[in-house]
Amino acid sequence: MGSYHGFALLLLCCCCCCCFIGTTVEGSARKLTALVEQQPLVLKYHNGALLKGNITVNLIWYGAFTPIQRSIIVDFIQSLNSPRAPLPSASLWWKTTEKYKGGLSTLVVGKQVLHEAYTLGKSLKNIHLVALANKVNELNAINVVLTAKDVAVEGFCSRCGSHGSIRSRDGKTRKAYVWVGNSETQCPGQCAWPFHQPIYGPQTPPLVAPNGDVGVDGMIINLATVLAGTVTNPFNNGYFQGPATAPLEAVSACTGIFGSGAYPGDPGRVLVDKSTGASYNAHGVNGRKFLLPAMWDPQSSACKTLV
């Protein structure tokens, strides 16, 4: 099961070390930084199946989401394969997944299931997430479990979102699932950064969320991360670096990078909406704007940003 925010904390810790070096031996720090930047990032392909072709994305909403919140997330998923949005676009960001073996992964929104009655309570464990993901039984699909801001989830703050797979009863097939939680009131400094002050590292001012909802705009970042991880490493034998139990994947290997010039604690240079002051780097359908994280590009062996 992929999760990634522990790596972000490691990066922030590294930032503190680099700052210290910079204050004592500035020239050496520059050389060290240049040396680090020249190292290629390699995600090894482990010869497993990837999710390619047309993939249905079923949404299981657990808890209270407003219609506007649901529309933001649905618009984001629809934006990933829509050529209509102006550049830089969410679809251009998603096209990087084509460079992984097997070609295009086309995501199509399928069923939406509302669980507004909190039938499993407001404190969920992994077994509950799997049970919710099993509500829709469909092959070549990703079942996405989305939890509301008042739902606590086991390990929420250390992962913010995750993905995994469920074996069929006969053990012959597996289906992918994703979980992402609304972090408006739970660890927003970890899960909704850069729209909230970070827990650790440099306390840079938070960016303004492009859709006016810190929790949901944070969910978009985490959903983008785990969807990219799901199609490129659905069953723990696709593209990743490190151990299969805690892999760095397509986007989680590039944690904290949203624009050019990014460094630990600073998201980099992004676009700003003149009328709202909101930060974004991708256009979507229905006039939406999103802030999407960098993705590893197999051709350049580097983290690729839209701006």
# chains A, B, ... in the order shown; residues from 1 in each chain; ligands from 1

call {"tool": "residues_around", "arguments": {"residues": "Trp61 of chain A", "least_positions_apart": "5", "cutoff": "7 Å", "atoms": "only C-alpha atoms", "output": "list of chain:residue names"}}
result
A:Val113, A:Leu114, A:His115, A:Val145, A:Leu146, A:Thr147

call {"tool": "residues_around", "arguments": {"residues": "segment 44-59 of chain A", "least_positions_apart": "4", "cutoff": "7 Å", "atoms": "only C-alpha atoms", "output": "list of chain:residue names"}}
result
A:Gly102, A:Gly103, A:Leu104, A:Ser105, A:Thr106, A:Leu107, A:Val108, A:Val109, A:Gly110, A:Lys111, A:Gln112, A:Val113, A:Asn140, A:Ala141, A:Ile142, A:Asn143, A:Val144, A:Val145, A:Val231, A:Thr232, A:Asn233, A:Pro234, A:Asn237, A:Gly238, A:Tyr239, A:Phe240, A:Gln241

call {"tool": "select_by_dssp", "arguments": {"residues": "segment 38-145 of chain A", "states": "strand (DSSP E)", "output": "MDAnalysis selection string"}}
result
chainID A and resid 44:45 53:62 105:115 123:124 141:145

call {"tool": "write_last_selection", "arguments": {"atoms": "N, CA, C and O atoms", "output": "compact mmCIF listing (two decimals), in the first residue's frame"}}
result
# COMPACT_ATOMS: atom_id res chain seq x y z
N LYS A 44 12.60 1.95 -10.57
CA LYS A 44 12.79 0.69 -11.30
C LYS A 44 11.44 0.05 -11.63
O LYS A 44 10.51 0.07 -10.83
N TYR A 45 11.35 -0.51 -12.84
CA TYR A 45 10.16 -1.28 -13.22
C TYR A 45 10.38 -2.73 -12.81
O TYR A 45 11.36 -3.36 -13.20
N GLY A 53 -5.20 1.58 -20.53
CA GLY A 53 -6.46 1.54 -21.28
C GLY A 53 -7.53 2.33 -20.55
O GLY A 53 -7.24 3.26 -19.78
N ASN A 54 -8.79 1.97 -20.77
CA ASN A 54 -9.91 2.65 -20.12
C ASN A 54 -10.13 2.11 -18.71
O ASN A 54 -10.32 0.90 -18.54
N ILE A 55 -10.09 2.99 -17.74
CA ILE A 55 -10.22 2.58 -16.34
C ILE A 55 -11.37 3.38 -15.71
O ILE A 55 -11.38 4.61 -15.74
N THR A 56 -12.31 2.66 -15.14
CA THR A 56 -13.43 3.30 -14.46
C THR A 56 -13.01 3.70 -13.04
O THR A 56 -12.40 2.90 -12.33
N VAL A 57 -13.32 4.92 -12.67
CA VAL A 57 -13.04 5.39 -11.31
C VAL A 57 -14.36 5.54 -10.57
O VAL A 57 -15.17 6.42 -10.89
N ASN A 58 -14.61 4.63 -9.63
CA ASN A 58 -15.83 4.68 -8.82
C ASN A 58 -15.53 5.42 -7.52
O ASN A 58 -14.51 5.20 -6.89
N LEU A 59 -16.44 6.31 -7.14
CA LEU A 59 -16.24 7.15 -5.96
C LEU A 59 -17.16 6.73 -4.84
O LEU A 59 -18.39 6.70 -5.01
N ILE A 60 -16.59 6.40 -3.68
CA ILE A 60 -17.35 6.05 -2.50
C ILE A 60 -17.15 7.17 -1.49
O ILE A 60 -16.07 7.32 -0.91
N TRP A 61 -18.18 7.98 -1.30
CA TRP A 61 -18.10 9.14 -0.41
C TRP A 61 -18.56 8.71 0.99
O TRP A 61 -19.72 8.36 1.18
N TYR A 62 -17.67 8.79 1.96
CA TYR A 62 -18.02 8.38 3.32
C TYR A 62 -18.07 9.60 4.22
O TYR A 62 -17.05 10.25 4.46
N SER A 105 -3.42 5.69 -19.81
CA SER A 105 -4.41 5.27 -18.81
C SER A 105 -5.52 6.32 -18.84
O SER A 105 -5.32 7.46 -18.42
N THR A 106 -6.68 5.94 -19.36
CA THR A 106 -7.80 6.87 -19.49
C THR A 106 -8.79 6.64 -18.35
O THR A 106 -9.41 5.58 -18.26
N LEU A 107 -8.93 7.65 -17.49
CA LEU A 107 -9.81 7.52 -16.32
C LEU A 107 -11.19 8.08 -16.64
O LEU A 107 -11.32 9.19 -17.16
N VAL A 108 -12.21 7.30 -16.32
CA VAL A 108 -13.60 7.71 -16.57
C VAL A 108 -14.38 7.56 -15.26
O VAL A 108 -14.33 6.50 -14.63
N VAL A 109 -15.05 8.62 -14.85
CA VAL A 109 -15.84 8.56 -13.61
C VAL A 109 -17.00 7.60 -13.80
O VAL A 109 -17.77 7.70 -14.77
N GLY A 110 -17.11 6.64 -12.89
CA GLY A 110 -18.18 5.64 -12.97
C GLY A 110 -19.25 5.87 -11.92
O GLY A 110 -19.84 6.95 -11.84
N LYS A 111 -19.46 4.90 -11.06
CA LYS A 111 -20.51 4.99 -10.03
C LYS A 111 -20.06 5.90 -8.89
O LYS A 111 -18.88 6.00 -8.57
N GLN A 112 -21.05 6.53 -8.27
CA GLN A 112 -20.82 7.30 -7.05
C GLN A 112 -21.77 6.78 -5.98
O GLN A 112 -22.98 6.72 -6.19
N VAL A 113 -21.18 6.39 -4.85
CA VAL A 113 -21.95 5.85 -3.74
C VAL A 113 -21.81 6.78 -2.55
O VAL A 113 -20.69 7.10 -2.13
N LEU A 114 -22.94 7.24 -2.01
CA LEU A 114 -22.92 8.15 -0.86
C LEU A 114 -23.20 7.39 0.43
O LEU A 114 -24.21 6.70 0.55
N HIS A 115 -22.28 7.51 1.38
CA HIS A 115 -22.46 6.93 2.72
C HIS A 115 -22.48 8.07 3.72
O HIS A 115 -21.50 8.33 4.41
N SER A 123 -14.48 6.62 13.15
CA SER A 123 -13.07 6.25 13.34
C SER A 123 -12.83 4.94 12.59
O SER A 123 -13.28 3.88 13.04
N LEU A 124 -12.16 5.03 11.44
CA LEU A 124 -12.03 3.88 10.56
C LEU A 124 -10.63 3.29 10.60
O LEU A 124 -9.64 4.01 10.73
N ALA A 141 -11.03 -1.30 -12.80
CA ALA A 141 -11.56 -0.11 -12.15
C ALA A 141 -10.69 0.23 -10.95
O ALA A 141 -9.93 -0.60 -10.44
N ILE A 142 -10.80 1.47 -10.52
CA ILE A 142 -10.20 1.92 -9.26
C ILE A 142 -11.33 2.42 -8.39
O ILE A 142 -12.08 3.33 -8.79
N ASN A 143 -11.51 1.80 -7.24
CA ASN A 143 -12.52 2.26 -6.30
C ASN A 143 -11.88 3.24 -5.32
O ASN A 143 -10.93 2.90 -4.61
N VAL A 144 -12.39 4.46 -5.32
CA VAL A 144 -11.80 5.54 -4.53
C VAL A 144 -12.68 5.83 -3.32
O VAL A 144 -13.83 6.25 -3.47
N VAL A 145 -12.15 5.60 -2.14
CA VAL A 145 -12.85 5.88 -0.89
C VAL A 145 -12.42 7.26 -0.41
O VAL A 145 -11.23 7.51 -0.19

call {"tool": "closest_residue", "arguments": {"among": "A:Cys157, A:Ser300, A:Met219, A:Ala282", "to": "Val74 of chain A", "atoms": "only C-alpha atoms"}}
result
A:Met219

call {"tool": "closest_residue", "arguments": {"among": "A:Pro298, A:Gly121, A:Gly259, A:Gly277", "to": "Gly212 of chain A", "atoms": "only C-alpha atoms"}}
result
A:Gly277

call {"tool": "residues_around", "arguments": {"residues": "segment 76-86 of chain A", "least_positions_apart": "6", "cutoff": "6 Å", "atoms": "only C-alpha atoms", "output": "PyMOL selection string"}}
result
chain A and resi 94+283-285

call {"tool": "residues_around", "arguments": {"residues": "Lys274 of chain A", "least_positions_apart": "4", "cutoff": "12 Å", "atoms": "only C-alpha atoms", "output": "ChimeraX atom specification"}}
result
/A:208,210,278-280

call {"tool": "select_by_dssp", "arguments": {"residues": "segment 71-306 of chain A", "states": "helix (DSSP H, G or I)", "output": "number ranges by chain"}}
result
A: 71-79, 90-99, 126-133, 156-159, 188-191, 214-232, 252-254, 285-287

call {"tool": "write_last_selection", "arguments": {"atoms": "C-alpha atoms", "output": "mmCIF file, in the first residue's frame"}}
result
data_model
loop_
_atom_site.group_PDB
_atom_site.id
_atom_site.type_symbol
_atom_site.label_atom_id
_atom_site.label_comp_id
_atom_site.auth_asym_id
_atom_site.auth_seq_id
_atom_site.Cartn_x
_atom_site.Cartn_y
_atom_site.Cartn_z
ATOM 1 C CA SER A 71 -18.078 18.525 -7.920
ATOM 2 C CA ILE A 72 -14.490 19.756 -7.391
ATOM 3 C CA ILE A 73 -13.196 16.190 -7.108
ATOM 4 C CA VAL A 74 -15.310 14.863 -9.995
ATOM 5 C CA ASP A 75 -14.145 17.765 -12.179
ATOM 6 C CA PHE A 76 -10.534 16.955 -11.298
ATOM 7 C CA ILE A 77 -10.841 13.324 -12.391
ATOM 8 C CA GLN A 78 -12.638 14.339 -15.582
ATOM 9 C CA SER A 79 -9.908 16.901 -16.251
ATOM 10 C CA ALA A 90 -4.393 18.615 -15.719
ATOM 11 C CA SER A 91 -4.514 16.374 -18.800
ATOM 12 C CA LEU A 92 -0.992 17.448 -19.784
ATOM 13 C CA TRP A 93 0.134 16.519 -16.267
ATOM 14 C CA TRP A 94 -1.536 13.092 -16.545
ATOM 15 C CA LYS A 95 -0.001 12.426 -19.984
ATOM 16 C CA THR A 96 3.309 11.726 -18.236
ATOM 17 C CA THR A 97 1.805 8.381 -17.157
ATOM 18 C CA GLU A 98 1.785 7.423 -20.877
ATOM 19 C CA LYS A 99 5.588 7.280 -20.750
ATOM 20 C CA ASN A 126 -7.806 -0.172 7.141
ATOM 21 C CA ILE A 127 -10.271 -3.064 7.242
ATOM 22 C CA HIS A 128 -13.121 -0.530 7.008
ATOM 23 C CA LEU A 129 -11.530 1.152 3.988
ATOM 24 C CA VAL A 130 -11.317 -2.227 2.238
ATOM 25 C CA ALA A 131 -14.961 -2.942 3.103
ATOM 26 C CA LEU A 132 -16.023 0.390 1.615
ATOM 27 C CA ALA A 133 -13.887 -0.179 -1.480
ATOM 28 C CA PHE A 156 -4.181 9.523 8.731
ATOM 29 C CA CYS A 157 -1.393 11.999 9.480
ATOM 30 C CA SER A 158 1.436 9.766 8.295
ATOM 31 C CA ARG A 159 -0.053 9.052 4.880
ATOM 32 C CA PRO A 188 -3.587 20.073 7.541
ATOM 33 C CA GLY A 189 0.061 21.087 7.977
ATOM 34 C CA GLN A 190 1.045 17.686 6.603
ATOM 35 C CA CYS A 191 -1.840 16.746 4.345
ATOM 36 C CA VAL A 214 -8.221 24.031 1.905
ATOM 37 C CA GLY A 215 -9.395 20.520 2.785
ATOM 38 C CA VAL A 216 -10.639 19.574 -0.684
ATOM 39 C CA ASP A 217 -7.807 21.293 -2.556
ATOM 40 C CA GLY A 218 -5.469 19.323 -0.297
ATOM 41 C CA MET A 219 -7.410 16.184 -1.213
ATOM 42 C CA ILE A 220 -6.769 16.927 -4.894
ATOM 43 C CA ILE A 221 -3.000 16.895 -4.295
ATOM 44 C CA ASN A 222 -3.209 13.602 -2.406
ATOM 45 C CA LEU A 223 -5.675 12.071 -4.873
ATOM 46 C CA ALA A 224 -3.396 13.023 -7.772
ATOM 47 C CA THR A 225 -0.492 11.381 -5.942
ATOM 48 C CA VAL A 226 -2.198 8.072 -5.236
ATOM 49 C CA LEU A 227 -3.971 7.827 -8.620
ATOM 50 C CA ALA A 228 -0.618 8.178 -10.393
ATOM 51 C CA GLY A 229 0.839 5.603 -8.003
ATOM 52 C CA THR A 230 -2.092 3.272 -8.627
ATOM 53 C CA VAL A 231 -1.843 3.156 -12.421
ATOM 54 C CA THR A 232 1.969 2.812 -12.401
ATOM 55 C CA SER A 252 5.533 10.372 -4.027
ATOM 56 C CA ALA A 253 9.167 10.285 -5.211
ATOM 57 C CA CYS A 254 8.753 13.998 -6.001
ATOM 58 C CA VAL A 285 -12.784 21.325 -17.029
ATOM 59 C CA ASN A 286 -15.561 23.763 -16.125
ATOM 60 C CA GLY A 287 -13.061 26.545 -15.509
#

call {"tool": "atom_distance", "arguments": {"atom1": "atom CA of Val151 of chain A", "atom2": "atom CA of Ala244 of chain A"}}
result
28.1 Å

call {"tool": "residues_around", "arguments": {"residues": "Ala302 of chain A", "least_positions_apart": "3", "cutoff": "9 Å", "atoms": "only C-alpha atoms", "output": "MDAnalysis selection string"}}
result
chainID A and resid 40:42 254 295:299

call {"tool": "residues_around", "arguments": {"residues": "Gln203 of chain A", "least_positions_apart": "4", "cutoff": "8 Å", "atoms": "only C-alpha atoms", "output": "VMD selection string"}}
result
chain A and resid 197 to 198 265

call {"tool": "write_last_selection", "arguments": {"atoms": "all heavy atoms", "output": "mmCIF file, in the first residue's frame"}}
result
data_model
loop_
_atom_site.group_PDB
_atom_site.id
_atom_site.type_symbol
_atom_site.label_atom_id
_atom_site.label_comp_id
_atom_site.auth_asym_id
_atom_site.auth_seq_id
_atom_site.Cartn_x
_atom_site.Cartn_y
_atom_site.Cartn_z
ATOM 1 N N GLN A 197 -0.021 26.156 6.905
ATOM 2 C CA GLN A 197 1.326 26.220 7.469
ATOM 3 C C GLN A 197 1.853 24.808 7.705
ATOM 4 O O GLN A 197 1.131 23.958 8.223
ATOM 5 C CB GLN A 197 1.318 26.967 8.806
ATOM 6 C CG GLN A 197 1.082 28.464 8.690
ATOM 7 C CD GLN A 197 2.304 29.196 8.171
ATOM 8 O OE1 GLN A 197 2.203 29.928 7.195
ATOM 9 N NE2 GLN A 197 3.442 29.023 8.792
ATOM 10 N N PRO A 198 3.106 24.531 7.332
ATOM 11 C CA PRO A 198 3.657 23.197 7.558
ATOM 12 C C PRO A 198 3.913 22.931 9.041
ATOM 13 O O PRO A 198 4.124 23.867 9.819
ATOM 14 C CB PRO A 198 4.974 23.218 6.773
ATOM 15 C CG PRO A 198 5.367 24.662 6.747
ATOM 16 C CD PRO A 198 4.075 25.433 6.686
ATOM 17 N N GLY A 265 10.293 22.703 1.769
ATOM 18 C CA GLY A 265 9.613 23.772 2.478
ATOM 19 C C GLY A 265 9.084 24.869 1.583
ATOM 20 O O GLY A 265 8.311 25.726 2.016
#

call {"tool": "residues_around", "arguments": {"residues": "Pro206 of chain A", "least_positions_apart": "4", "cutoff": "8 Å", "atoms": "only C-alpha atoms", "output": "list in words"}}
result
Trp193, Pro194, Phe195, His196 and Gln197 of chain A
